[in-house]
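A.B. asks: Quick one: the structure is below, questions incoming.
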Amino acid sequence: MISVDGLTVEFGGTTLFSDVSFVINEKDRIALMGKNGAGKSTLLKILAGARSATRGSVSAPKECVTAYLPQHLMTEDGRTVFEETSQAFSHLHKMEAEIDALNKELETRTDYESDSYMELIEKVSALSEKFYTIDITNYEEDVEKALLGLGFTLDDFGKPTSEFSGGWRMRIELAKLLLQKPDVLLLDEPTNHLDIESIQWLEDFLINQGKAVIVISHDRKFVDNITTRTIEVTMGRIYDYKVNYSKYLELRKDRRIQQQKAYEDQQKFIAETKEFIERFKGTYSKTLQVQSRVKMLEKLEILEVDEEDTSALRLKFPPSPRSGNYPVIMEGVGKSYGDHLVFKDANLTIERGDKVAFVGKNGEGKSTLVKCIMKEIDHQGILTLGHNVQIGYFAQNQASMLDENLTVFQTIDDVAKGDIRNKIRDLLGAFMFGGEESTKKVKVLSGGERTRLAMIKLLLEPVNLLILDEPTNHLDLKTKDILKQALLDFDGTLIVVSHDRDFLDGLASKVYEFGNKRVKEHLSGIYEFLEKKKMDSLQELEK
């Protein structure tokens, strides 16, 4: 369907990738993998036509529709949520107008035998056939289904888009793309702004109604559930596996073992050949053999082993000062803004050492309750913090609160106290800010780099109650694994707000579900909770 031939991208004297070729077939669901900076987003932009390659081509049939969701959007204001989403069908309204105009032209012409008249008839027939195969009679119903699936309420439909945050606007764009039913859907980090229920809805949609999909995502569970093929971008080339992400990891491991063995064998052969040349280069009887081996070495193509991303973070939170037995106790806690009730009657007790997850749809009060615990906002009911509770807090927008004019090193140097000051460079190195990276200004850092930097700031303070609000947005899979391990080792109490099921799996032993203005406790891990939720919703349907 889409053919990529000899794609090469160079800028600033470096080659991002070289001579890349592959074909995207109908119904392919592809995960684009590789470490940060490997060129995944660039490749997606080239497929979308949003940027050009240095050399090579991307070709597709003329009627092939491609839709692209970038990581960062520039959205327009001026329409309601429903009107903006309905723009998905604007091309059909244009097509309808074009058919009308052509039919009017046919009515006025009398040169029935001419070539141009026949061309006009063919054009009207082809356009009409295409138009009438698309059923837009129920487009309002389709818009409603997509918006509800992505977490909007009926009340939201009439509100102007300007009232919604970046994450919600991203959902409007996503709804528009899905409604266009494109032949190829290109998604760059689509789950970063979705909650668990919306991610599950999107998975179902892509599996059951999507055509070809190419996705970049750091949500392992999402990638595993939807993709059937993995293309890895590494060291300027690609490897194409016809399997999902988990299977690809196994195959990649095997590939590296084989590469390593071939590389070592070749290095041994080179060493032996050089030794022979050195030993016999002055011996007359061996002159021809020496010359042939010198030529052979010159022609030899040196094997490479694909880089393993070894920039591992060795993370360790400082030991926690001991807190009381119950760091957080709530009785009848609620929050309203004017007439708008967010939640009420929240009763929960968090014991020392508990690791709990706050989950539920966006807008149901997860971050609001965190702000109540932080004493940032007032509330109804009684909320008691235990003896000697010291809170470390990572907000969703923590990364944007960094001073853009400071360097990475200055950012950390400003908060480091005591002995740790001598180890700032080691700490930065562990977070992939080694060497020159530490002299970069915050304003040039990517979203993932800023998140990592904000996380280091949090690591420097000894705390015993850690509250993390969406900590994994913008973190790659490797960094997420390392953060998760550090949190498992953390000896204090943890509250984490997250939609990342894979991250929460094995980390949280208690789940608080936010929904219908209530906070409900589930004494289970995230997967038992999700299984139970599916049961609950089936029972609700039967009612």
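Order determines the names: the first chain of the structure tokens is A, the second B, and so forth; residues in each chain are numbered 1 upward, and ligands are numbered 1 upward as they are shown.
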Would you pick out the contacts of Glu107 in chain A at 12 Å or less, using only C-alpha atoms, so that residues sharing its chain but fewer than 4 positions from it are not included, and give the list as an NGL selection string?

C.D. replies: :A and (100-103 or 111-112 or 117 or 120-121)

A.B. asks: Write out as a list of chain:residue names each polymer residue whose atoms come within 9 Å of Tyr68 in chain A, counting only C-alpha atoms; drop sequence neighbours fewer than 6 positions from it.

C.D. replies: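 Close residues of Tyr68 in chain A: A:Leu44, A:Lys45, A:Leu47, A:Ala48, A:Leu177, A:Val184, A:Leu185, A:Leu186, A:Leu187, A:Asp188.
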
A.B. asks: Would you mind listing what lies within 12 Å of Gln267 in chain A as a list of chain:residue names, with only C-alpha atoms counted and same-chain residues fewer than 2 positions away left out?

C.D. replies: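 Contacts, with the query itself left out: A:Gln260, A:Lys261, A:Ala262, A:Tyr263, A:Glu264, A:Asp265, A:Phe269, A:Ile270, A:Ala271, A:Glu272, A:Thr273, A:Lys274, A:Leu297, A:Leu300, A:Glu301, A:Ile302, A:Leu303, A:Glu304.
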
A.B. asks: Pull all heavy atoms from the residues just selected and write them as a short mmCIF file (atom, residue, chain, number, x, y, z; two decimals), in the first residue's frame.

C.D. replies:
```
data_model
loop_
_atom_site.label_atom_id
_atom_site.label_comp_id
_atom_site.auth_asym_id
_atom_site.auth_seq_id
_atom_site.Cartn_x
_atom_site.Cartn_y
_atom_site.Cartn_z
N GLN A 260 27.17 -10.54 18.15
CA GLN A 260 28.35 -10.49 19.03
C GLN A 260 29.33 -11.61 18.68
O GLN A 260 30.54 -11.40 18.60
CB GLN A 260 27.88 -10.60 20.50
CG GLN A 260 28.97 -10.33 21.53
CD GLN A 260 29.42 -8.88 21.56
OE1 GLN A 260 28.62 -7.97 21.44
NE2 GLN A 260 30.71 -8.66 21.71
N LYS A 261 28.76 -12.81 18.44
CA LYS A 261 29.62 -13.97 18.11
C LYS A 261 30.32 -13.73 16.78
O LYS A 261 31.54 -13.94 16.65
CB LYS A 261 28.77 -15.25 18.06
CG LYS A 261 29.66 -16.49 17.91
CD LYS A 261 28.86 -17.77 17.92
CE LYS A 261 29.74 -19.00 17.75
NZ LYS A 261 30.97 -18.85 16.99
N ALA A 262 29.57 -13.27 15.76
CA ALA A 262 30.16 -13.01 14.43
C ALA A 262 31.24 -11.93 14.53
O ALA A 262 32.31 -12.04 13.91
CB ALA A 262 29.08 -12.60 13.45
N TYR A 263 30.95 -10.90 15.35
CA TYR A 263 31.91 -9.80 15.52
C TYR A 263 33.21 -10.32 16.17
O TYR A 263 34.32 -10.01 15.71
CB TYR A 263 31.26 -8.71 16.39
CG TYR A 263 32.21 -7.60 16.82
CD1 TYR A 263 32.55 -6.58 15.94
CD2 TYR A 263 32.75 -7.57 18.10
CE1 TYR A 263 33.41 -5.56 16.32
CE2 TYR A 263 33.61 -6.56 18.50
CZ TYR A 263 33.94 -5.56 17.61
OH TYR A 263 34.81 -4.56 17.99
N GLU A 264 33.04 -11.13 17.22
CA GLU A 264 34.23 -11.66 17.92
C GLU A 264 35.05 -12.58 17.01
O GLU A 264 36.28 -12.53 17.00
CB GLU A 264 33.80 -12.39 19.20
CG GLU A 264 33.40 -11.43 20.31
CD GLU A 264 32.63 -12.10 21.44
OE1 GLU A 264 32.50 -13.35 21.43
OE2 GLU A 264 32.15 -11.37 22.34
N ASP A 265 34.34 -13.42 16.23
CA ASP A 265 35.05 -14.31 15.28
C ASP A 265 35.84 -13.48 14.26
O ASP A 265 36.98 -13.81 13.94
CB ASP A 265 34.05 -15.21 14.54
CG ASP A 265 33.45 -16.27 15.46
OD1 ASP A 265 33.97 -16.45 16.58
OD2 ASP A 265 32.44 -16.91 15.07
N PHE A 269 39.87 -13.26 13.58
CA PHE A 269 40.43 -13.49 12.25
C PHE A 269 41.33 -12.32 11.82
O PHE A 269 42.43 -12.53 11.29
CB PHE A 269 39.27 -13.67 11.25
CG PHE A 269 39.71 -13.65 9.80
CD1 PHE A 269 40.37 -14.73 9.26
CD2 PHE A 269 39.46 -12.54 9.00
CE1 PHE A 269 40.79 -14.72 7.92
CE2 PHE A 269 39.86 -12.51 7.68
CZ PHE A 269 40.54 -13.61 7.14
N ILE A 270 40.88 -11.07 12.11
CA ILE A 270 41.67 -9.88 11.75
C ILE A 270 43.00 -9.90 12.51
O ILE A 270 44.07 -9.65 11.94
CB ILE A 270 40.88 -8.58 12.07
CG1 ILE A 270 39.71 -8.44 11.09
CG2 ILE A 270 41.78 -7.34 11.99
CD1 ILE A 270 38.70 -7.35 11.46
N ALA A 271 42.94 -10.21 13.81
CA ALA A 271 44.15 -10.23 14.64
C ALA A 271 45.15 -11.27 14.11
O ALA A 271 46.35 -11.00 13.99
CB ALA A 271 43.78 -10.53 16.08
N GLU A 272 44.61 -12.47 13.76
CA GLU A 272 45.49 -13.53 13.25
C GLU A 272 46.11 -13.13 11.90
O GLU A 272 47.29 -13.40 11.63
CB GLU A 272 44.71 -14.85 13.09
CG GLU A 272 44.39 -15.50 14.43
CD GLU A 272 43.36 -16.62 14.30
OE1 GLU A 272 42.84 -16.85 13.18
OE2 GLU A 272 43.05 -17.26 15.34
N THR A 273 45.32 -12.50 11.05
CA THR A 273 45.80 -12.08 9.73
C THR A 273 46.89 -11.01 9.87
O THR A 273 47.92 -11.05 9.20
CB THR A 273 44.62 -11.53 8.87
OG1 THR A 273 43.58 -12.50 8.87
CG2 THR A 273 45.05 -11.25 7.45
N LYS A 274 46.65 -10.03 10.76
CA LYS A 274 47.65 -8.97 10.98
C LYS A 274 48.96 -9.56 11.52
O LYS A 274 50.06 -9.14 11.15
CB LYS A 274 47.11 -7.93 11.98
CG LYS A 274 46.13 -6.94 11.35
CD LYS A 274 45.63 -5.93 12.38
CE LYS A 274 44.76 -4.89 11.71
NZ LYS A 274 44.09 -4.04 12.70
N LEU A 297 42.23 -7.71 3.91
CA LEU A 297 41.86 -6.87 5.06
C LEU A 297 41.29 -5.53 4.62
O LEU A 297 40.36 -5.01 5.23
CB LEU A 297 43.09 -6.62 5.96
CG LEU A 297 43.45 -7.71 6.97
CD1 LEU A 297 44.55 -7.19 7.90
CD2 LEU A 297 42.27 -8.16 7.81
N LEU A 300 37.72 -6.01 3.60
CA LEU A 300 36.84 -6.62 4.61
C LEU A 300 35.85 -5.60 5.17
O LEU A 300 36.21 -4.50 5.56
CB LEU A 300 37.70 -7.17 5.76
CG LEU A 300 37.01 -8.13 6.73
CD1 LEU A 300 36.64 -9.42 6.02
CD2 LEU A 300 37.94 -8.44 7.91
N GLU A 301 34.57 -5.98 5.16
CA GLU A 301 33.54 -5.11 5.73
C GLU A 301 33.44 -5.44 7.22
O GLU A 301 33.10 -6.56 7.61
CB GLU A 301 32.20 -5.37 5.04
CG GLU A 301 31.25 -4.21 5.22
CD GLU A 301 30.04 -4.35 4.30
OE1 GLU A 301 30.20 -4.48 3.07
OE2 GLU A 301 28.93 -4.33 4.85
N ILE A 302 33.75 -4.45 8.05
CA ILE A 302 33.80 -4.70 9.50
C ILE A 302 32.37 -4.84 10.04
O ILE A 302 31.50 -4.01 9.80
CB ILE A 302 34.52 -3.54 10.25
CG1 ILE A 302 35.95 -3.37 9.71
CG2 ILE A 302 34.54 -3.79 11.76
CD1 ILE A 302 36.86 -4.55 9.96
N LEU A 303 32.15 -5.94 10.75
CA LEU A 303 30.81 -6.18 11.34
C LEU A 303 30.60 -5.26 12.54
O LEU A 303 31.55 -4.90 13.24
CB LEU A 303 30.70 -7.64 11.80
CG LEU A 303 30.79 -8.70 10.69
CD1 LEU A 303 30.84 -10.09 11.30
CD2 LEU A 303 29.60 -8.59 9.74
N GLU A 304 29.33 -4.91 12.76
CA GLU A 304 28.99 -4.07 13.92
C GLU A 304 27.99 -4.83 14.79
O GLU A 304 27.20 -5.61 14.29
CB GLU A 304 28.31 -2.77 13.46
CG GLU A 304 29.25 -1.72 12.92
CD GLU A 304 28.46 -0.46 12.56
OE1 GLU A 304 27.47 -0.56 11.83
OE2 GLU A 304 28.83 0.61 13.05
#
```

A.B. asks: Rank A:Glu119, A:Glu470, A:Asp142, A:Asp413 by their smallest atom-to-atom distance to Asp500 in chain A, using only C-alpha atoms, and report the top residue only.

C.D. replies: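 Closest residue, counting only C-alpha atoms: A:Glu470.
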
A.B. asks: Skipping near chain neighbours, those fewer than 6 positions away, what residues fall within 7 Å of range 447-455 of chain A using only C-alpha atoms, listed as an MDAnalysis selection string?

C.D. replies: chainID A and resid 398:399 431 474:475

A.B. asks: Create the file for the chosen residues now, containing N, CA, C and O atoms and written as a compact mmCIF listing (two decimals), in the first residue's frame.

C.D. replies:
```txt
# COMPACT_ATOMS: atom_id res chain seq x y z
N GLN A 398 5.21 19.25 36.39
CA GLN A 398 6.46 19.52 37.10
C GLN A 398 7.57 19.93 36.13
O GLN A 398 8.33 20.84 36.39
N ALA A 399 7.62 19.21 35.00
CA ALA A 399 8.68 19.47 34.03
C ALA A 399 8.61 20.89 33.48
O ALA A 399 9.63 21.51 33.17
N PHE A 431 21.32 9.61 35.02
CA PHE A 431 20.07 10.01 34.37
C PHE A 431 20.29 10.45 32.92
O PHE A 431 19.52 11.21 32.38
N HIS A 474 6.13 10.78 28.79
CA HIS A 474 7.40 11.21 28.16
C HIS A 474 8.62 10.38 28.57
O HIS A 474 9.72 10.70 28.16
N LEU A 475 8.45 9.35 29.41
CA LEU A 475 9.62 8.52 29.74
C LEU A 475 9.65 7.32 28.80
O LEU A 475 8.61 6.72 28.53
```

A.B. asks: Hey, what does DSSP flag as strand (DSSP E or B) within range 209-301 of chain A? Can you give it to me as an NGL selection string?

C.D. replies: :A and (212-216 or 229-234 or 237-241)

A.B. asks: If we count only C-alpha atoms, what is near range 348-362 of chain A at a cut-off of 6 Å, once residues fewer than 2 positions away on the same chain are taken out, given as a count of residues only?

C.D. replies: 19

A.B. asks: In Å, rounded to a single decimal, give me how far CA of Asn388 in chain A is from CA of Glu521 in chain A.

C.D. replies: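 Going from CA of Glu521 in chain A over to CA of Asn388 in chain A, I get 25.3 Å.
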
A.B. asks: What does the distance from CA of Phe22 in chain A to CA of Arg220 in chain A come to in Å, to one decimal?

C.D. replies: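 Interatomic distance, CA of Phe22 in chain A to CA of Arg220 in chain A: 23.5 Å.
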
A.B. asks: Which is closer to Phe529 in chain A than all the others in A:Met401, A:Met432, A:Leu504, A:Cys372, using only C-alpha atoms?

C.D. replies: A:Leu504

A.B. asks: One decimal, in Å: what's the spacing between CA of Thr227 in chain A and CA of Arg29 in chain A?

C.D. replies: 4.7 Å

A.B. asks: Mind the document's chain letters and residue numbers, and return as a PyMOL selection string the residues of range 174-250 of chain A that DSSP labels helix (DSSP H, G or I).

C.D. replies: chain A and resi 174-179+190-193+196-208+220-226+245-250

A.B. asks: Given the choices A:Ser246, A:Ser59, A:Asn473, A:Asn405, which gets closest to Thr230 in chain A if the distance is worked out from only C-alpha atoms?

C.D. replies: A:Ser246

A.B. asks: Using only C-alpha atoms, which of the listed residues (A:Glu189, A:Glu98, A:Glu331, A:Asp505) sits closest to Leu385 in chain A?

C.D. replies: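 Checking each candidate against Leu385 in chain A, we get A:Glu331 as the closest.
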
A.B. asks: Neighbouring residues of range 12-15 of chain A were defined as those with any atom within 10 Å, considering only C-alpha atoms; residues of the same chain fewer than 2 positions away were excluded. Please report them as a list in words.

C.D. replies: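 Counting only C-alpha atoms, the residues come to Thr8, Val9, Glu10, Phe17, Ser18, Thr54, Met235 and Gly236 of chain A.
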
A.B. asks: Of the candidates A:Glu436, A:Asp183, A:Asp491, A:Glu232, which shows the shortest atom-to-atom distance to Lys62 in chain A, using only C-alpha atoms?

C.D. replies: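 Among the listed residues, A:Asp183 lies closest to Lys62 in chain A.
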
A.B. asks: Restrict the calculation to only C-alpha atoms, then for each residue of range 283-389 of chain A with any atom at most 9 Å from an atom of range 461-465 of chain A give the closest atom pair and their distance in Å to one decimal, rows by chain and rising residue number, as JSON lines.

C.D. replies:
```
{"residue": "A:Phe317", "atom": "CA", "partner": "A:Pro462", "partner_atom": "CA", "distance": 7.5}
{"residue": "A:Pro318", "atom": "CA", "partner": "A:Pro462", "partner_atom": "CA", "distance": 5.3}
{"residue": "A:Pro319", "atom": "CA", "partner": "A:Pro462", "partner_atom": "CA", "distance": 6.5}
{"residue": "A:Ser320", "atom": "CA", "partner": "A:Asn464", "partner_atom": "CA", "distance": 4.8}
{"residue": "A:Pro321", "atom": "CA", "partner": "A:Asn464", "partner_atom": "CA", "distance": 6.0}
{"residue": "A:Arg322", "atom": "CA", "partner": "A:Asn464", "partner_atom": "CA", "distance": 6.9}
{"residue": "A:Ser323", "atom": "CA", "partner": "A:Asn464", "partner_atom": "CA", "distance": 6.6}
{"residue": "A:Pro327", "atom": "CA", "partner": "A:Leu465", "partner_atom": "CA", "distance": 7.4}
{"residue": "A:Arg352", "atom": "CA", "partner": "A:Leu465", "partner_atom": "CA", "distance": 8.6}
{"residue": "A:Gly353", "atom": "CA", "partner": "A:Asn464", "partner_atom": "CA", "distance": 8.7}
{"residue": "A:Asn388", "atom": "CA", "partner": "A:Asn464", "partner_atom": "CA", "distance": 8.7}
{"residue": "A:Val389", "atom": "CA", "partner": "A:Asn464", "partner_atom": "CA", "distance": 6.4}
```

A.B. asks: With N, CA and C atoms retained, could you export that selection as a compact mmCIF listing (two decimals), in the first residue's frame?

C.D. replies:
```txt
# COMPACT_ATOMS: atom_id res chain seq x y z
N PHE A 317 16.36 5.96 45.94
CA PHE A 317 15.84 7.05 46.76
C PHE A 317 16.61 7.05 48.10
N PRO A 318 16.82 8.23 48.68
CA PRO A 318 17.48 8.26 50.00
C PRO A 318 16.61 7.52 51.02
N PRO A 319 17.20 6.98 52.10
CA PRO A 319 16.39 6.29 53.11
C PRO A 319 15.32 7.24 53.66
N SER A 320 14.13 6.68 53.90
CA SER A 320 13.02 7.52 54.37
C SER A 320 13.11 7.77 55.87
N PRO A 321 12.92 9.03 56.31
CA PRO A 321 12.75 9.26 57.75
C PRO A 321 11.46 8.54 58.19
N ARG A 322 11.44 8.00 59.38
CA ARG A 322 10.27 7.21 59.80
C ARG A 322 9.06 8.13 60.05
N SER A 323 7.91 7.73 59.50
CA SER A 323 6.68 8.50 59.74
C SER A 323 5.80 7.73 60.72
N PRO A 327 0.16 7.59 57.47
CA PRO A 327 0.53 8.88 56.89
C PRO A 327 -0.68 9.71 56.42
N ARG A 352 1.58 3.20 56.65
CA ARG A 352 2.99 3.38 56.34
C ARG A 352 3.48 2.21 55.48
N GLY A 353 4.17 2.53 54.37
CA GLY A 353 4.70 1.49 53.48
C GLY A 353 3.74 1.06 52.39
N ASN A 388 5.23 13.27 61.55
CA ASN A 388 6.50 13.39 60.81
C ASN A 388 6.39 13.00 59.33
N VAL A 389 5.22 13.28 58.72
CA VAL A 389 5.08 12.98 57.29
C VAL A 389 5.82 14.05 56.48
```
